[in-house]
Every structure is written in structure tokens, then in C-alpha cells.
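File shown: work.csv (CSV, C-alpha atoms).
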chain,number,residue,atom,x,y,z
A,1390,ALA,CA,9.5,-2.5,-63.2
A,1391,VAL,CA,5.7,-2.8,-63.1
A,1392,TYR,CA,5.2,-0.1,-65.8
A,1393,GLY,CA,8.2,-0.9,-68.0
A,1394,ALA,CA,9.1,1.8,-70.6
A,1395,VAL,CA,6.3,4.0,-69.4
A,1396,VAL,CA,8.4,5.2,-66.5
A,1397,ALA,CA,11.7,5.3,-68.5
A,1398,ASP,CA,11.1,8.9,-69.6
A,1399,TYR,CA,8.5,10.0,-67.0
A,1400,GLU,CA,9.6,13.2,-65.4
A,1401,ALA,CA,6.7,15.3,-64.2
A,1402,CYS,CA,5.8,17.6,-61.3
A,1403,GLY,CA,2.4,19.0,-60.4
A,1404,CYS,CA,0.7,21.5,-58.2
A,1405,HIS,CA,-1.4,19.6,-55.6
A,1406,VAL,CA,-4.1,21.4,-53.6
A,1407,HIS,CA,-5.7,19.9,-50.4
A,1408,VAL,CA,-9.0,21.2,-49.2
A,1409,GLY,CA,-10.4,20.1,-45.8
A,1410,VAL,CA,-13.7,18.2,-45.7
A,1411,PRO,CA,-15.6,16.7,-42.7
A,1412,ASP,CA,-15.3,13.0,-43.3
A,1413,PRO,CA,-14.3,10.4,-46.0
A,1414,ASP,CA,-17.8,9.8,-47.3
A,1415,THR,CA,-18.2,13.6,-47.8
A,1416,ALA,CA,-14.8,13.6,-49.6
A,1417,VAL,CA,-16.1,11.1,-52.1
A,1418,ALA,CA,-19.3,13.0,-52.6
A,1419,VAL,CA,-17.4,16.2,-53.2
A,1420,VAL,CA,-15.1,14.5,-55.7
A,1421,ASN,CA,-18.2,13.5,-57.7
A,1422,HIS,CA,-19.1,17.2,-58.0
A,1423,LEU,CA,-15.6,18.1,-59.4
A,1424,GLY,CA,-15.4,16.1,-62.5
A,1425,ARG,CA,-16.8,18.6,-65.0
A,1426,TRP,CA,-14.4,21.3,-63.8
A,1427,LEU,CA,-11.1,19.4,-63.6
A,1428,PRO,CA,-10.2,19.9,-67.3
A,1429,THR,CA,-10.8,23.6,-67.0
A,1430,LEU,CA,-8.4,23.8,-64.0
A,1431,LEU,CA,-5.9,21.9,-66.1
A,1432,ALA,CA,-6.2,24.4,-69.0
A,1433,LEU,CA,-5.8,27.3,-66.6
A,1434,SER,CA,-2.6,25.8,-65.2
A,1435,ALA,CA,-1.1,24.6,-68.5
A,1436,ASN,CA,2.7,24.9,-68.2
A,1437,ALA,CA,4.4,21.9,-69.9
A,1438,PRO,CA,4.7,22.5,-73.6
A,1439,PHE,CA,8.2,20.9,-74.1
A,1440,ASP,CA,9.7,17.4,-73.8
A,1441,GLN,CA,13.3,16.4,-74.3
A,1442,GLY,CA,14.0,19.8,-75.9
A,1443,ARG,CA,11.2,19.7,-78.4
A,1444,ASP,CA,7.9,21.5,-78.6
A,1445,THR,CA,5.2,18.8,-78.3
A,1446,GLY,CA,2.4,20.9,-79.7
A,1447,TYR,CA,0.6,20.4,-76.4
A,1448,HIS,CA,0.1,22.9,-73.6
A,1449,SER,CA,0.4,20.2,-70.9
A,1450,TRP,CA,2.6,17.3,-72.0
A,1451,ARG,CA,2.7,16.3,-68.3
A,1452,MET,CA,-0.9,15.2,-68.6
A,1453,VAL,CA,-0.2,13.1,-71.7
A,1454,LEU,CA,2.6,11.3,-69.8
A,1455,GLN,CA,0.4,10.9,-66.7
A,1456,SER,CA,-2.5,9.5,-68.8
A,1457,ARG,CA,-0.4,6.5,-69.7
A,1458,PHE,CA,-0.9,5.1,-66.2
A,1459,PRO,CA,-3.9,3.1,-65.1
A,1460,GLY,CA,-6.1,4.9,-62.6
A,1461,SER,CA,-5.6,8.3,-64.2
A,1462,GLY,CA,-7.9,11.0,-65.5
A,1463,VAL,CA,-11.3,12.2,-64.1
A,1464,PRO,CA,-12.2,9.9,-61.1
A,1465,PRO,CA,-15.2,7.6,-61.5
A,1466,HIS,CA,-18.5,8.4,-59.8
A,1467,LEU,CA,-18.6,6.5,-56.6
A,1468,ARG,CA,-21.1,6.1,-53.7
A,1469,GLY,CA,-19.3,6.6,-50.5
A,1470,HIS,CA,-15.8,5.9,-49.2
A,1471,ALA,CA,-16.3,2.1,-48.9
A,1472,GLU,CA,-17.0,1.9,-52.6
A,1473,TYR,CA,-14.0,4.2,-53.3
A,1474,ARG,CA,-11.7,1.9,-51.3
A,1475,ARG,CA,-13.1,-1.2,-53.1
A,1476,ALA,CA,-12.4,0.5,-56.5
A,1477,VAL,CA,-8.8,1.3,-55.6
A,1478,GLU,CA,-8.2,-2.1,-54.0
A,1479,THR,CA,-9.6,-3.8,-57.1
A,1480,LEU,CA,-7.0,-2.0,-59.2
A,1481,VAL,CA,-4.3,-3.1,-56.8
A,1482,ASP,CA,-5.5,-6.7,-56.9
A,1483,CYS,CA,-5.5,-6.6,-60.7
A,1484,GLY,CA,-1.9,-5.4,-60.7
A,1485,ALA,CA,-2.7,-2.1,-62.3
A,1486,LEU,CA,-1.6,-0.1,-59.2
A,1487,VAL,CA,1.4,-0.8,-57.1
A,1488,ASP,CA,-0.5,0.2,-53.9
A,1489,ALA,CA,-3.6,2.0,-52.8
A,1490,ASP,CA,-1.9,5.4,-52.5
A,1491,GLN,CA,-0.7,5.4,-56.1
A,1492,SER,CA,-3.9,6.2,-58.2
A,1493,PHE,CA,-3.4,9.0,-60.7
A,1494,TRP,CA,-7.0,10.3,-60.6
A,1495,LEU,CA,-7.0,14.1,-60.9
A,1496,ALA,CA,-9.0,14.5,-57.7
A,1497,ARG,CA,-9.4,12.0,-54.8
A,1498,PRO,CA,-9.9,11.7,-51.1
A,1499,SER,CA,-6.5,12.0,-49.5
A,1500,GLY,CA,-5.1,8.8,-48.0
A,1501,ARG,CA,-3.2,10.8,-45.4
A,1502,PHE,CA,-5.2,13.9,-44.5
A,1503,PRO,CA,-8.9,14.8,-44.0
A,1504,THR,CA,-9.0,16.5,-47.4
A,1505,VAL,CA,-10.0,16.3,-51.0
A,1506,GLU,CA,-6.8,16.3,-53.0
A,1507,PHE,CA,-6.6,18.1,-56.3
A,1508,ARG,CA,-3.9,16.7,-58.5
A,1509,VAL,CA,-4.9,18.1,-61.9
A,1510,ALA,CA,-2.7,21.2,-62.2
A,1511,ASP,CA,0.7,21.5,-63.8
A,1512,THR,CA,3.4,23.0,-61.7
A,1513,ALA,CA,2.7,26.7,-61.5
A,1514,LEU,CA,4.9,29.2,-63.4
A,1515,THR,CA,4.3,31.9,-60.8
A,1516,VAL,CA,3.1,32.2,-57.2
A,1517,ASP,CA,0.0,33.9,-58.6
A,1518,HIS,CA,-0.8,30.9,-60.8
A,1519,ALA,CA,-0.5,28.6,-57.8
A,1520,VAL,CA,-2.7,30.9,-55.7
A,1521,LEU,CA,-5.4,30.9,-58.5
A,1522,GLN,CA,-5.5,27.1,-58.4
A,1523,ALA,CA,-5.8,27.1,-54.6
A,1524,LEU,CA,-8.6,29.6,-54.5
A,1525,LEU,CA,-10.6,27.9,-57.3
A,1526,SER,CA,-10.1,24.5,-55.7
A,1527,ARG,CA,-11.3,25.7,-52.3
A,1528,ALA,CA,-14.3,27.4,-53.9
A,1529,LEU,CA,-15.2,24.2,-55.9
A,1530,VAL,CA,-15.2,22.2,-52.6
A,1531,ARG,CA,-17.3,24.8,-50.8
A,1532,ARG,CA,-19.8,24.9,-53.7
A,1533,ALA,CA,-20.0,21.1,-53.7
A,1534,LEU,CA,-20.6,21.1,-49.9
A,1535,ALA,CA,-23.4,23.6,-50.3
A,1536,ASP,CA,-25.0,21.5,-53.1
A,1537,LEU,CA,-24.8,18.4,-51.0
A,1538,ALA,CA,-26.3,20.2,-48.0
A,1539,GLU,CA,-29.3,21.0,-50.2
A,1540,GLY,CA,-29.6,17.5,-51.6
A,1541,ARG,CA,-28.2,18.2,-55.0
A,1542,GLU,CA,-26.1,15.2,-56.3
A,1543,ALA,CA,-23.8,15.3,-59.2
A,1544,ALA,CA,-24.7,13.3,-62.3
A,1545,PRO,CA,-22.1,10.8,-63.5
A,1546,LEU,CA,-20.0,11.7,-66.5
A,1547,SER,CA,-19.3,9.5,-69.5
A,1548,PRO,CA,-15.8,8.2,-68.9
A,1549,GLN,CA,-14.9,8.6,-72.6
A,1550,VAL,CA,-16.2,12.1,-72.8
A,1551,ALA,CA,-14.4,13.0,-69.6
A,1552,ALA,CA,-11.2,11.6,-71.1
A,1553,ALA,CA,-11.7,13.7,-74.2
A,1554,ALA,CA,-12.2,16.8,-72.0
A,1555,VAL,CA,-8.9,16.1,-70.2
A,1556,TRP,CA,-7.1,15.6,-73.6
A,1557,THR,CA,-8.4,18.8,-75.2
A,1558,ALA,CA,-7.3,20.8,-72.1
A,1559,ALA,CA,-3.9,19.2,-72.4
A,1560,ARG,CA,-3.7,19.8,-76.1
A,1561,HIS,CA,-5.1,23.3,-76.4
A,1562,GLY,CA,-4.9,24.9,-73.0
A,1563,LEU,CA,-6.9,28.1,-73.1
A,1564,GLY,CA,-6.2,28.7,-76.8
A,1565,GLY,CA,-8.9,26.6,-78.4
A,1566,GLU,CA,-12.1,24.7,-77.9
A,1567,LEU,CA,-12.4,22.3,-74.9
A,1568,VAL,CA,-14.9,19.6,-74.2
A,1569,ASP,CA,-17.6,20.3,-71.7
A,1570,ALA,CA,-17.9,16.8,-70.2
A,1571,ALA,CA,-21.3,17.5,-68.6
A,1572,GLU,CA,-22.9,18.8,-71.8
A,1573,GLU,CA,-20.9,16.5,-74.0
A,1574,THR,CA,-20.0,19.2,-76.5
A,1575,ARG,CA,-17.2,21.5,-77.4
A,1576,ARG,CA,-17.0,25.1,-76.2
A,1577,PRO,CA,-14.4,27.8,-76.4
A,1578,ALA,CA,-12.0,27.5,-73.5
A,1579,TRP,CA,-12.8,30.9,-72.1
A,1580,THR,CA,-16.5,30.1,-72.2
A,1581,LEU,CA,-15.8,27.2,-69.8
A,1582,VAL,CA,-13.6,29.5,-67.7
A,1583,GLU,CA,-16.6,31.9,-67.4
A,1584,ALA,CA,-18.9,29.0,-66.5
A,1585,LEU,CA,-16.5,27.9,-63.8
A,1586,LEU,CA,-16.3,31.4,-62.3
A,1587,ALA,CA,-20.1,31.6,-62.4
A,1588,HIS,CA,-20.4,28.2,-60.7
A,1589,VAL,CA,-18.1,29.3,-57.8
A,1590,ARG,CA,-19.1,32.9,-57.6
A,1591,THR,CA,-21.0,32.6,-54.3
A,1592,PRO,CA,-18.3,30.8,-52.3
A,1593,LEU,CA,-15.7,33.2,-53.7
A,1594,GLU,CA,-17.8,36.1,-52.5
A,1595,GLU,CA,-18.3,34.5,-49.1
A,1596,SER,CA,-14.6,34.0,-48.6
A,1597,GLY,CA,-13.7,37.4,-49.9
A,1598,ASP,CA,-11.7,35.9,-52.8
A,1599,LEU,CA,-13.8,37.0,-55.8
A,1600,ALA,CA,-11.9,40.2,-56.7
A,1601,GLU,CA,-8.5,38.4,-56.5
A,1602,VAL,CA,-9.6,35.5,-58.6
A,1603,GLU,CA,-11.0,37.8,-61.2
A,1604,GLU,CA,-7.7,39.7,-61.3
A,1605,LEU,CA,-5.7,36.6,-61.6
A,1606,VAL,CA,-7.8,35.2,-64.4
A,1607,GLY,CA,-7.7,38.5,-66.1
A,1608,ALA,CA,-3.9,38.4,-66.0
A,1609,LEU,CA,-4.0,34.9,-67.6
A,1610,HIS,CA,-6.2,36.2,-70.3
A,1611,THR,CA,-3.8,39.0,-71.0
A,1612,GLY,CA,-0.5,37.3,-70.5
A,1613,GLY,CA,-1.2,33.7,-71.3
A,1614,THR,CA,-0.7,30.6,-69.3
A,1615,GLY,CA,2.8,29.3,-68.5
A,1616,SER,CA,2.8,27.2,-71.7
A,1617,VAL,CA,2.1,30.3,-73.8
A,1618,GLN,CA,4.8,32.3,-72.0
A,1619,GLN,CA,7.3,29.5,-72.3
A,1620,ARG,CA,6.7,29.3,-76.1
A,1621,ALA,CA,7.1,33.0,-76.5
A,1622,ALA,CA,10.4,32.8,-74.7
A,1623,ALA,CA,11.6,29.9,-76.9
A,1624,VAL,CA,11.6,31.7,-80.2
A,1625,ASP,CA,15.4,30.9,-80.4
A,1626,GLY,CA,14.9,27.3,-79.1
A,1627,THR,CA,14.0,25.7,-75.9
A,1628,ALA,CA,17.3,26.6,-74.3
A,1629,ALA,CA,16.2,30.2,-74.5
A,1630,ALA,CA,13.0,29.2,-72.6
A,1631,VAL,CA,15.1,27.6,-69.9
A,1632,ARG,CA,17.2,30.7,-69.5
A,1633,TRP,CA,14.1,32.8,-69.3
A,1634,LEU,CA,12.6,30.6,-66.6
A,1635,THR,CA,15.8,30.7,-64.7
A,1636,ALA,CA,15.9,34.5,-64.8
A,1637,ALA,CA,12.3,34.7,-63.8
A,1638,THR,CA,12.5,32.3,-60.8
A,1639,VAL,CA,16.1,32.4,-59.4
A,1640,PRO,CA,17.0,35.5,-57.3
A,1641,VAL,CA,19.9,37.5,-58.6
A,1642,GLU,CA,22.0,40.0,-56.7
A,1643,HIS,CA,24.7,42.1,-58.4
A,1644,GLY,CA,24.8,39.6,-61.2
A,1645,THR,CA,25.5,36.6,-59.0
A,1646,LEU,CA,23.0,33.7,-58.5
A,1647,LEU,CA,22.1,33.3,-54.9
A,1648,THR,CA,22.2,29.7,-53.5
A,1649,GLY,CA,21.7,27.9,-50.3
Starting from the coordinates I provided, produce the structure as C-alpha cells.
Amino acid sequence: AVYGAVVADYEACGCHVHVGVPDPDTAVAVVNHLGRWLPTLLALSANAPFDQGRDTGYHSWRMVLQSRFPGSGVPPHLRGHAEYRRAVETLVDCGALVDADQSFWLARPSGRFPTVEFRVADTALTVDHAVLQALLSRALVRRALADLAEGREAAPLSPQVAAAAVWTAARHGLGGELVDAAEETRRPAWTLVEALLAHVRTPLEESGDLAEVEELVGALHTGGTGSVQQRAAAVDGTAAAVRWLTAATVPVEHGTLLTG
């Protein structure tokens, strides 16, 4: 296999969100505006604390596994779709990617649809967690489109600082300090969440989603992300967390699991 032992224990699922954009060049320009906020989206979605029956100490072990692959993390700052295609094709030519559809960047122009594809979030614990990712992703794209219409371009991020931002989000979730890749400094996670909400407040108001997003974020603040809830359920071991997840997600009628 191309990636050897890296794929031997790679089992990961994510929550992908597609948001429509007018054309491929605009998609690349929008992605340039997303980099600072992608680690915060990861922290909000953190739901992968365990691996092989052990607590990893991370809130998103999925992101650690994914970061082993080339073409992962916050996407590079690129000027137009032609440059994006050249960047991907170069990785393919170098043997780092199997094909042009395989990049692991946390946001990218979709190769199949006229959309920007967010690939940053862990699989959601609940429908509400998935809806929050969708609403914030759409609002980020709308804010980026508004900025582009007014001639505001995004500044490139340091690749090393961006990688550190992703790592701190995976490590700490919303429970510690995260790296603000734009300011190149550490901030409390909830300070960055507040900054994200301020950044997308106008598009959320325009779409009528602000109240719902504030409610969903408030529920995360009170009840914790999926990783926090899983750990709380695993006080008697990870098997207890699996039983809790099953009870929370599989419909039960008269004590019998419903299938089919």
C-alpha cells in the first residue's frame, strides 16, 4: 500500500459540509478566508477521545490520525483554481497523493460539486451538533463572499502556526487554550468561539440562524462536546461509553432494538 502502516489502524469518520459557491476561482478565494476558523470548528465538533479501547488524552484522535497523511491540515493560501489544481497535481506527481481527489485538507473546493467542502469536523454526536457545523460553515462562506465583494482578501497563515492551531484543537477541544493562527498566539477556546460568532454574526442574522446557533453553542457550553460526554459516560471503562452511545442513538421500543 502507498501509505504502509499509516492505514493499518486508520478508522475514522467525519462530518462533511458542502456550501455552494458561484465558480471554482471563488471557491479557492473563499477557502483562503476559512483557515483561521477551521481549528475552532474542529474544537466545537470534538468527538473522538478513544482509540482501541483507551483514552488517548485528546478530544479528537481522528484529527491526529488524519494528520499523518500528506495534504492534510489547513489548506495553503492559493491564487485561483488553476493554482489549486497545480498544487494538487504536484502532490500526485510526487507520489504523496494517490489521486487528485484524495487530499486531506480541512476545507477545499469540491472536485464533484460547485461547492466549498468543509472536512474539518468529527462525526457529530447528535443532530444538533451536525446542524451547528452546517450553520457555521454556511455563515463562514457567506461572510467570505461578502468580504471578497468588498475587495477584502485574506492574509496567508503561517503553515507551522496553522498546524499548531489544529493540534491544540484536537488536543484540548473546548477545554483549554487554542492557537489563534491569525494572531499567532494562544487564547482560551471560548474566546475563539466568541470571535467566530462575532465574525459571522451578520450572515447569521441575514439567514435567520443567529438565535439557533447561539442556543446550540450554549448547549455545548453547558453539556460539553461529544468527547466530554463520552468521557463522562466512560467512568467504568470505554465499554460503558459504547453502551451509552448505543442507547443514545439506536431507537428502542419495548426493550427491543429496532433494525432494518
For Ala1587 of chain A, list every protein, DNA or RNA residue within 12 Å, evaluated using only C-alpha atoms, and leave out those in the same chain fewer than 3 positions away; present the list as an NGL selection string. :A and (1426 or 1525 or 1528-1529 or 1532 or 1580-1584 or 1590-1594 or 1599 or 1602-1603)
Go ahead and save the picked residues with C-alpha atoms, as an mmCIF file, in the coordinates of the input.
data_model
loop_
_atom_site.group_PDB
_atom_site.id
_atom_site.type_symbol
_atom_site.label_atom_id
_atom_site.label_comp_id
_atom_site.auth_asym_id
_atom_site.auth_seq_id
_atom_site.Cartn_x
_atom_site.Cartn_y
_atom_site.Cartn_z
ATOM 1 C CA TRP A 1426 -14.400 21.300 -63.800
ATOM 2 C CA LEU A 1525 -10.600 27.900 -57.300
ATOM 3 C CA ALA A 1528 -14.300 27.400 -53.900
ATOM 4 C CA LEU A 1529 -15.200 24.200 -55.900
ATOM 5 C CA ARG A 1532 -19.800 24.900 -53.700
ATOM 6 C CA THR A 1580 -16.500 30.100 -72.200
ATOM 7 C CA LEU A 1581 -15.800 27.200 -69.800
ATOM 8 C CA VAL A 1582 -13.600 29.500 -67.700
ATOM 9 C CA GLU A 1583 -16.600 31.900 -67.400
ATOM 10 C CA ALA A 1584 -18.900 29.000 -66.500
ATOM 11 C CA ARG A 1590 -19.100 32.900 -57.600
ATOM 12 C CA THR A 1591 -21.000 32.600 -54.300
ATOM 13 C CA PRO A 1592 -18.300 30.800 -52.300
ATOM 14 C CA LEU A 1593 -15.700 33.200 -53.700
ATOM 15 C CA GLU A 1594 -17.800 36.100 -52.500
ATOM 16 C CA LEU A 1599 -13.800 37.000 -55.800
ATOM 17 C CA VAL A 1602 -9.600 35.500 -58.600
ATOM 18 C CA GLU A 1603 -11.000 37.800 -61.200
#
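Between atom CA of Val1568 of chain A and atom CA of Ala1538 of chain A the separation is 28.6 Å.
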Could you list, as a VMD selection string, every residue within 10 Å of segment 1534-1536 of chain A, counting all atoms listed in the file and ignoring same-chain residues fewer than 2 positions away? chain A and resid 1410 to 1411 1415 to 1416 1418 to 1419 1422 1528 to 1532 1538 to 1543 1592
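Nearest to Arg1475 of chain A of all the residues A:Leu1524, A:Val1463, A:Leu1495, A:Ala1489 is A:Ala1489, based on all atoms listed in the file.
Minimum distance to Pro1413 of chain A across A:Tyr1473, A:Tyr1392, A:Phe1493, A:Trp1579 (counting all atoms listed in the file) occurs at A:Tyr1473.
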Go through A:Leu1427, A:Leu1514, A:Leu1521, A:Met1452 one by one, measure the shortest atom-to-atom distance of each to Gln1618 of chain A using only C-alpha atoms, and give the residue with the smallest value. A:Leu1514
Given the point (-6.5, 11.2, -65.8) in the coordinates of this file, which residues lie within 9 Å, counting all atoms listed in the file, and how would they look as a ChimeraX atom specification? /A:1452-1453,1455-1464,1493-1495,1509,1551-1552,1555-1556
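Nearest to Gln1441 of chain A of all the residues A:Thr1574, A:Thr1504, A:Thr1627, A:Ser1616 is A:Thr1627, based on all atoms listed in the file.
Reported to one decimal place, the separation of atom CA of Val1624 of chain A from atom CA of Pro1577 of chain A is 26.6 Å.
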